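Colleague: You'll find input-v2.cif just under this line, and it carries mmCIF, C-alpha atoms.
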data_upload
loop_
_atom_site.label_atom_id
_atom_site.label_comp_id
_atom_site.auth_asym_id
_atom_site.auth_seq_id
_atom_site.Cartn_x
_atom_site.Cartn_y
_atom_site.Cartn_z
CA MET T 44 -9.51 -15.23 -9.90
CA SER T 45 -9.08 -11.95 -8.04
CA VAL T 46 -6.18 -11.52 -5.64
CA LEU T 47 -8.29 -9.69 -3.05
CA GLU T 48 -12.06 -9.55 -2.77
CA VAL T 49 -14.05 -7.69 -0.11
CA ARG T 50 -17.78 -8.31 0.09
CA ASP T 51 -20.35 -6.37 2.15
CA LEU T 52 -17.84 -5.37 4.83
CA SER T 53 -19.45 -3.67 7.84
CA ILE T 54 -18.10 -2.65 11.24
CA ARG T 55 -19.44 -0.54 14.12
CA PHE T 56 -17.67 1.22 16.97
CA GLY T 57 -20.33 1.68 19.62
CA GLY T 58 -23.09 3.68 17.95
CA LEU T 59 -20.91 4.68 14.99
CA GLN T 60 -21.35 2.70 11.77
CA ALA T 61 -17.83 3.08 10.39
CA LEU T 62 -18.33 0.86 7.33
CA GLN T 63 -21.59 -0.25 5.75
CA ALA T 64 -21.68 -3.04 3.14
CA VAL T 65 -18.39 -2.06 1.48
CA SER T 66 -17.31 -4.21 -1.46
CA LEU T 67 -14.24 -3.99 -3.67
CA GLU T 68 -12.02 -6.20 -5.80
CA VAL T 69 -8.34 -6.12 -6.72
CA ASN T 70 -7.28 -8.27 -9.66
CA GLU T 71 -3.84 -9.62 -10.54
CA PHE T 72 -1.25 -6.90 -11.32
CA GLU T 73 -3.76 -4.07 -10.83
CA ILE T 74 -3.14 -0.85 -8.93
CA VAL T 75 -6.47 -0.01 -7.33
CA GLY T 76 -7.16 3.29 -5.58
CA LEU T 77 -9.36 3.83 -2.53
CA ILE T 78 -10.16 7.50 -2.07
CA GLY T 79 -12.58 9.63 -0.07
CA PRO T 80 -12.71 12.57 2.33
CA ASN T 81 -11.21 12.43 5.82
CA GLY T 82 -13.24 10.16 8.06
CA ALA T 83 -14.76 8.26 5.14
CA GLY T 84 -13.55 4.91 6.52
CA LYS T 85 -10.60 4.18 4.25
CA THR T 86 -8.09 3.21 6.96
CA THR T 87 -10.81 1.31 8.82
CA ALA T 88 -11.36 -0.73 5.66
CA PHE T 89 -7.60 -1.39 5.48
CA ASN T 90 -7.58 -2.50 9.12
CA CYS T 91 -10.42 -4.95 8.42
CA ILE T 92 -8.71 -6.28 5.30
CA THR T 93 -5.35 -6.79 7.03
CA GLY T 94 -6.78 -8.29 10.22
CA PHE T 95 -6.28 -5.49 12.75
CA TYR T 96 -10.08 -5.21 13.05
CA THR T 97 -12.63 -8.00 12.80
CA PRO T 98 -15.68 -6.82 10.85
CA HIS T 99 -19.16 -7.48 12.19
CA ASP T 100 -20.42 -8.52 8.77
CA GLY T 101 -18.98 -9.33 5.37
CA ALA T 102 -15.98 -11.28 4.15
CA VAL T 103 -12.39 -10.76 2.99
CA THR T 104 -11.12 -13.29 0.46
CA TYR T 105 -7.49 -13.68 -0.62
CA ARG T 106 -6.92 -15.80 -3.73
CA GLY T 107 -10.19 -17.61 -3.13
CA LYS T 108 -9.59 -18.28 0.58
CA ASP T 109 -11.65 -16.64 3.32
CA VAL T 110 -9.20 -14.70 5.52
CA THR T 111 -11.72 -12.46 7.31
CA LYS T 112 -10.61 -13.55 10.78
CA THR T 113 -6.97 -14.32 9.98
CA ALA T 114 -4.46 -12.51 12.23
CA PRO T 115 -2.24 -9.76 10.75
CA HIS T 116 1.03 -11.68 11.23
CA VAL T 117 -0.42 -14.70 9.45
CA LYS T 118 -1.61 -12.51 6.56
CA ALA T 119 1.88 -11.01 6.37
CA ARG T 120 3.32 -14.51 5.89
CA MET T 121 0.66 -15.22 3.26
CA GLY T 122 1.79 -12.22 1.20
CA PHE T 123 0.08 -9.11 2.58
CA GLY T 124 2.47 -6.14 2.73
CA ARG T 125 1.16 -2.97 4.34
CA THR T 126 2.17 0.58 5.21
CA PHE T 127 0.40 2.80 7.74
CA GLN T 128 -0.67 6.43 8.07
CA ASN T 129 1.65 6.78 11.05
CA VAL T 130 5.07 5.41 10.21
CA GLY T 131 5.86 2.36 12.34
CA MET T 132 9.62 1.83 12.23
CA VAL T 133 12.32 1.59 14.90
CA LYS T 134 13.48 5.21 15.08
CA GLY T 135 16.74 4.37 16.87
CA ALA T 136 17.78 1.83 14.22
CA THR T 137 19.35 2.52 10.83
CA ALA T 138 17.56 2.27 7.51
CA LEU T 139 19.39 -0.99 6.78
CA GLU T 140 18.51 -2.45 10.18
CA ASN T 141 14.82 -1.63 9.70
CA LEU T 142 14.77 -3.32 6.30
CA LYS T 143 16.49 -6.41 7.72
CA THR T 144 14.04 -6.53 10.64
CA ALA T 145 11.14 -6.50 8.16
CA GLN T 146 12.53 -9.70 6.61
CA HIS T 147 12.88 -11.76 9.76
CA ALA T 148 9.55 -13.58 9.36
CA LYS T 149 11.19 -15.29 6.37
CA ALA T 150 14.73 -15.40 7.74
CA GLY T 151 15.03 -19.18 7.38
CA TYR T 152 16.46 -19.86 10.84
CA ASP T 153 15.02 -20.26 14.34
CA VAL T 154 15.63 -18.26 17.52
CA MET T 155 18.24 -20.66 18.90
CA SER T 156 20.25 -20.55 15.66
CA GLY T 157 20.11 -16.78 15.81
CA LEU T 158 21.42 -16.72 19.37
CA LEU T 159 24.24 -19.12 18.58
CA GLY T 160 25.18 -17.37 15.34
CA VAL T 161 25.73 -20.61 13.44
CA GLY T 162 26.61 -20.73 9.74
CA LYS T 163 22.98 -20.87 8.61
CA THR T 164 22.30 -17.69 10.57
CA ARG T 165 25.25 -15.85 9.06
CA ARG T 166 24.19 -16.84 5.56
CA GLY T 167 20.64 -15.68 6.26
CA GLU T 168 21.89 -12.34 7.59
CA ARG T 169 24.04 -11.81 4.50
CA GLU T 170 21.09 -12.55 2.23
CA MET T 171 18.88 -10.12 4.14
CA THR T 172 21.57 -7.44 3.92
CA VAL T 173 21.87 -7.88 0.15
CA ARG T 174 18.09 -7.69 -0.27
CA ALA T 175 17.85 -4.62 1.98
CA GLU T 176 20.58 -2.83 0.02
CA ALA T 177 18.84 -3.66 -3.26
CA ILE T 178 15.58 -2.16 -1.98
CA LEU T 179 17.34 1.00 -0.78
CA ASP T 180 18.92 1.36 -4.21
CA LEU T 181 15.57 0.77 -5.96
CA LEU T 182 13.93 3.54 -3.92
CA GLY T 183 16.84 5.96 -4.34
CA LEU T 184 17.71 5.76 -0.62
CA ALA T 185 21.11 4.03 -0.79
CA GLN T 186 22.80 7.04 0.81
CA LEU T 187 20.69 6.49 3.95
CA ARG T 188 21.92 2.91 4.51
CA ASP T 189 23.60 3.54 7.85
CA LYS T 190 21.59 6.55 9.04
CA ARG T 191 19.24 6.26 11.99
CA VAL T 192 15.71 6.83 10.77
CA GLY T 193 14.66 9.04 13.70
CA GLY T 194 16.19 12.13 12.11
CA LEU T 195 14.76 11.66 8.61
CA SER T 196 11.99 13.78 7.11
CA TYR T 197 8.44 12.41 7.21
CA GLY T 198 8.30 12.04 3.44
CA THR T 199 11.54 10.03 3.46
CA LEU T 200 10.21 7.87 6.30
CA LYS T 201 7.10 7.09 4.24
CA LEU T 202 9.28 6.00 1.32
CA LEU T 203 11.44 3.89 3.63
CA GLU T 204 8.31 2.31 5.10
CA LEU T 205 7.36 1.29 1.56
CA GLY T 206 10.78 -0.36 1.41
CA CYS T 207 10.03 -2.28 4.61
CA ALA T 208 6.78 -3.52 3.08
CA LEU T 209 8.68 -4.63 -0.04
CA ALA T 210 11.21 -6.43 2.17
CA THR T 211 8.49 -8.83 3.33
CA ASP T 212 8.31 -10.15 -0.27
CA PRO T 213 4.59 -9.31 -0.63
CA ASP T 214 2.12 -10.67 -3.12
CA ILE T 215 -0.17 -7.67 -2.61
CA LEU T 216 0.81 -4.23 -1.29
CA LEU T 217 -1.66 -2.15 0.72
CA LEU T 218 -0.39 1.42 0.92
CA ASP T 219 -2.04 3.87 3.33
CA GLU T 220 -1.36 7.43 2.07
CA PRO T 221 2.17 6.71 0.79
CA THR T 222 2.72 10.31 -0.41
CA SER T 223 1.86 11.88 2.95
CA GLY T 224 4.55 14.43 3.81
CA MET T 225 5.87 14.56 0.25
CA GLY T 226 5.93 17.52 -2.12
CA PRO T 227 4.40 17.37 -5.64
CA GLU T 228 7.65 16.29 -7.31
CA GLU T 229 8.30 13.56 -4.72
CA SER T 230 4.70 12.35 -5.15
CA ASP T 231 5.15 12.15 -8.92
CA GLU T 232 8.38 10.19 -8.46
CA LEU T 233 6.62 7.77 -6.12
CA GLY T 234 3.92 7.26 -8.74
CA ASP T 235 6.61 6.35 -11.26
CA ARG T 236 8.16 3.92 -8.74
CA LEU T 237 4.81 2.21 -8.14
CA LEU T 238 4.43 1.63 -11.88
CA VAL T 239 7.98 0.23 -12.02
CA LEU T 240 7.29 -2.08 -9.05
CA ARG T 241 4.15 -3.38 -10.72
CA ARG T 242 5.98 -3.97 -14.00
CA GLU T 243 9.26 -5.39 -12.65
CA PHE T 244 7.95 -7.48 -9.73
CA GLY T 245 4.42 -8.32 -10.84
CA LEU T 246 2.94 -6.69 -7.74
CA THR T 247 -0.72 -6.07 -7.08
CA MET T 248 -1.59 -2.93 -5.06
CA LEU T 249 -4.44 -1.32 -3.17
CA VAL T 250 -3.67 2.33 -2.40
CA ILE T 251 -5.30 4.90 -0.12
CA GLU T 252 -4.22 8.29 -1.36
CA HIS T 253 -5.26 11.97 -1.16
CA HIS T 254 -2.99 13.11 -3.98
CA VAL T 255 -5.65 12.96 -6.69
CA PRO T 256 -3.38 13.38 -9.76
CA LEU T 257 -1.27 10.42 -8.64
CA VAL T 258 -4.34 8.20 -8.16
CA LEU T 259 -5.73 9.08 -11.56
CA ARG T 260 -2.34 8.60 -13.24
CA VAL T 261 -1.33 5.21 -11.83
CA CYS T 262 -4.55 3.41 -10.86
CA ASP T 263 -6.43 1.01 -13.11
CA HIS T 264 -9.61 1.20 -11.03
CA VAL T 265 -10.77 3.59 -8.29
CA TYR T 266 -13.25 3.16 -5.44
CA VAL T 267 -14.66 6.16 -3.56
CA LEU T 268 -15.81 5.94 0.06
CA ASN T 269 -17.98 8.53 1.80
CA PHE T 270 -19.37 8.20 5.34
CA GLY T 271 -18.44 4.51 5.39
CA ARG T 272 -20.35 3.64 2.21
CA MET T 273 -19.20 3.11 -1.33
CA LEU T 274 -20.09 6.27 -3.23
CA ALA T 275 -18.72 5.38 -6.67
CA GLN T 276 -16.31 3.14 -8.52
CA GLY T 277 -14.88 2.85 -11.99
CA THR T 278 -11.94 3.77 -14.14
CA PRO T 279 -10.13 7.01 -13.28
CA LEU T 280 -11.91 8.65 -16.23
CA GLU T 281 -15.32 7.57 -14.94
CA VAL T 282 -14.62 8.57 -11.34
CA GLN T 283 -13.15 11.97 -12.16
CA SER T 284 -16.33 13.00 -13.95
CA HIS T 285 -18.76 11.57 -11.37
CA PRO T 286 -20.74 14.53 -9.96
CA ASP T 287 -21.20 12.96 -6.51
CA VAL T 288 -17.47 12.34 -6.22
CA ILE T 289 -16.64 15.91 -7.16
CA ALA T 290 -19.19 17.25 -4.67
CA ALA T 291 -18.25 14.95 -1.78
CA TYR T 292 -14.50 14.67 -2.13
CA LEU T 293 -12.67 16.64 -4.73
CA GLY T 294 -13.96 20.15 -4.06
CA GLY T 295 -13.87 23.37 -6.01
CA GLU T 296 -10.28 23.07 -7.27
CA ALA T 297 -10.79 19.53 -8.54
CA PRO T 298 -11.48 20.24 -12.25
CA GLU T 299 -8.01 21.74 -12.81
CA ALA T 300 -6.26 18.91 -10.95
CA LEU T 301 -8.31 16.30 -12.78
CA ALA T 302 -7.66 17.86 -16.16
CA ALA T 303 -3.90 17.87 -15.50
CA ALA T 304 -3.98 14.25 -14.37
CA SER T 305 -5.97 13.22 -17.44
CA ALA T 306 -3.41 14.91 -19.70
CA GLU T 307 -0.57 13.05 -17.91
CA ARG T 308 -2.32 9.69 -18.36
CA ARG T 309 -2.93 10.44 -22.06
CA ASP T 310 0.72 11.42 -22.60
CA ASP T 311 1.91 8.27 -20.80
CA ARG T 312 -0.27 6.08 -23.02
CA GLU T 313 1.00 7.81 -26.16
CA ARG T 314 4.64 7.37 -25.12
CA SER T 315 4.14 3.68 -24.38
CA ALA T 316 2.26 3.03 -27.63
#
Could you show the structure in this file as structure tokens?
Modeller:
Amino acid sequence: MSVLEVRDLSIRFGGLQALQAVSLEVNEFEIVGLIGPNGAGKTTAFNCITGFYTPHDGAVTYRGKDVTKTAPHVKARMGFGRTFQNVGMVKGATALENLKTAQHAKAGYDVMSGLLGVGKTRRGEREMTVRAEAILDLLGLAQLRDKRVGGLSYGTLKLLELGCALATDPDILLLDEPTSGMGPEESDELGDRLLVLRREFGLTMLVIEHHVPLVLRVCDHVYVLNFGRMLAQGTPLEVQSHPDVIAAYLGGEAPEALAAASAERRDDRERSA
């Protein structure tokens, strides 16, 4: 059974058909890429999948259950973890405080217990602190524990937002342009971290990303959107050689980037063999 299945998803905004009969599937432990030019409908698809938009047609299924009209906060409790194009954290709070806030849906105590500060609350707070510190360490951000996030670089904020998504204890991660604001080396490091997260925590991921080499290096399957329709899908090898994909999305400099990414994937396979 697939973890996430989207079938014939369509949505309109006035006279604009933003998505038309979009289908995709994410299986257990896969990292699946969703790519396409700006305005192709990638984030709109994410918003439909996570419940921020209600599609006019089609269905979203999570582990065999129809969740098309399920609210975002309910999906979060079910196991959906998501990041956004625009970072949505409390800028006046510290990195640790943001990671603890992300865990409160599963804090294990009610509002009254929190106000009274009873023993159960204190234990829950300690557990959330330990988990938050472990995530910061995993992402190489331990030195930012007590720093307010408002002064951090955009690339660091994106990485910290990934930490907040991990803090919700997700079953599936939906990452919207996680390398935005990062340089090439930082993007490569994030790709390595995604592979570690998949291996160590058994996570399943759906990733929107413009950094083509990263997508081709870490993804098991890639879907390509263009003007709200599915243009192509397949393995990274199949997608990178698809003439319509190259024409619509990758552009004139794509062959060099694709060749480099293919070499990286080949080297990774040889090292792991």
Colleague: Ranking T:Leu67, T:Leu187, T:Cys91, T:Val192 by minimum distance to Met132 in chain T and counting all atoms listed in the file, which one comes first?
Modeller: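 Closest to Met132 in chain T, using all atoms listed in the file: T:Val192.
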Colleague: Translate the PyMOL selection byres ((chain T and resi 203-215) around 8) into a concrete residue list for this structure, as a ChimeraX atom specification.
Modeller: /T:46,119,121-126,130-132,138,141-143,145-146,148-149,174-175,178-179,182,184,199-202,216-218,221,246-249
Colleague: For each of T:Val69, T:Leu233, T:Val173, T:Val75, take the minimum atom-to-atom distance to Leu257 in chain T, counting all atoms listed in the file, then give the residue where this is smallest.
Modeller: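 Distance minimum relative to Leu257 in chain T lands on T:Leu233.
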Colleague: Looking at T:Glu71, T:Asp219, T:Glu252, T:Asp287, which one is nearest to Thr93 in chain T, with distances taken over all atoms listed in the file?
Modeller: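 With all atoms listed in the file as the atom set, the closest residue is T:Asp219.
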Colleague: I need the residue nearest Ile251 in chain T from this list: T:Leu268, T:Leu59, T:Tyr197, T:Glu281. Use only C-alpha atoms for the distance.
Modeller: T:Leu268
Colleague: Kindly list the centre and edge lengths in Å, rounded to one decimal, for the axis-aligned box that covers all listed atoms of range 171-189 of chain T plus 4 Å on each of its six sides, as lines of an AutoDock Vina configuration file.
Modeller:
center_x = 18.8
center_y = -1.5
center_z = 0.9
size_x = 17.7
size_y = 25.2
size_z = 21.8
Colleague: What do you get, as a VMD selection string, if you spell out every residue that the PyMOL selection byres ((chain T and resi 97) around 8) selects here?
Modeller: chain T and resid 54 91 94 to 96 98 to 99 111 to 112
Colleague: Determine the residue membership of the PyMOL selection byres ((chain T and resi 227-230) around 10) for the file above and supply it as a count of residues only.
Modeller: 18
Colleague: Go through T:Phe72, T:Glu170, T:Val282, T:Gly84 one by one, measure the shortest atom-to-atom distance of each to Val255 in chain T using only C-alpha atoms, and give the residue with the smallest value.
Modeller: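 Answer, going by the shortest atom-to-atom distance: T:Val282.
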Colleague: Using only C-alpha atoms, collect all residues at a distance of at most 7 Å from (-22.1, -1.3, 1.5) as written in the file, then present them as a PDB file with C-alpha atoms, in the coordinates of the input.
Modeller:
ATOM      1  CA  ASP T  51     -20.350  -6.370   2.150  1.00  0.00           C
ATOM      2  CA  LEU T  52     -17.840  -5.370   4.830  1.00  0.00           C
ATOM      3  CA  GLN T  63     -21.590  -0.250   5.750  1.00  0.00           C
ATOM      4  CA  ALA T  64     -21.680  -3.040   3.140  1.00  0.00           C
ATOM      5  CA  VAL T  65     -18.390  -2.060   1.480  1.00  0.00           C
ATOM      6  CA  SER T  66     -17.310  -4.210  -1.460  1.00  0.00           C
ATOM      7  CA  ARG T 272     -20.350   3.640   2.210  1.00  0.00           C
ATOM      8  CA  MET T 273     -19.200   3.110  -1.330  1.00  0.00           C
TER       9      MET T 273
END
Colleague: Determine, counting only C-alpha atoms, which protein, DNA and RNA residues have an atom within 12 Å of an atom of Thr278 in chain T; residues of the same chain fewer than 4 positions away are not included. Present the result as a ChimeraX atom specification.
Modeller: /T:73-77,258-267,282-285,305
Colleague: For the atom pair CA of Arg165 in chain T and CA of Val117 in chain T, what is the interatomic distance in Å to one decimal place?
Modeller: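 Pair CA of Arg165 in chain T / CA of Val117 in chain T returns 25.7 Å.
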Colleague: Could you please determine the separation between CA of Gly167 in chain T and CA of Gly183 in chain T in Å, to one decimal place?
Modeller: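 Distance between the two atoms: 24.4 Å.
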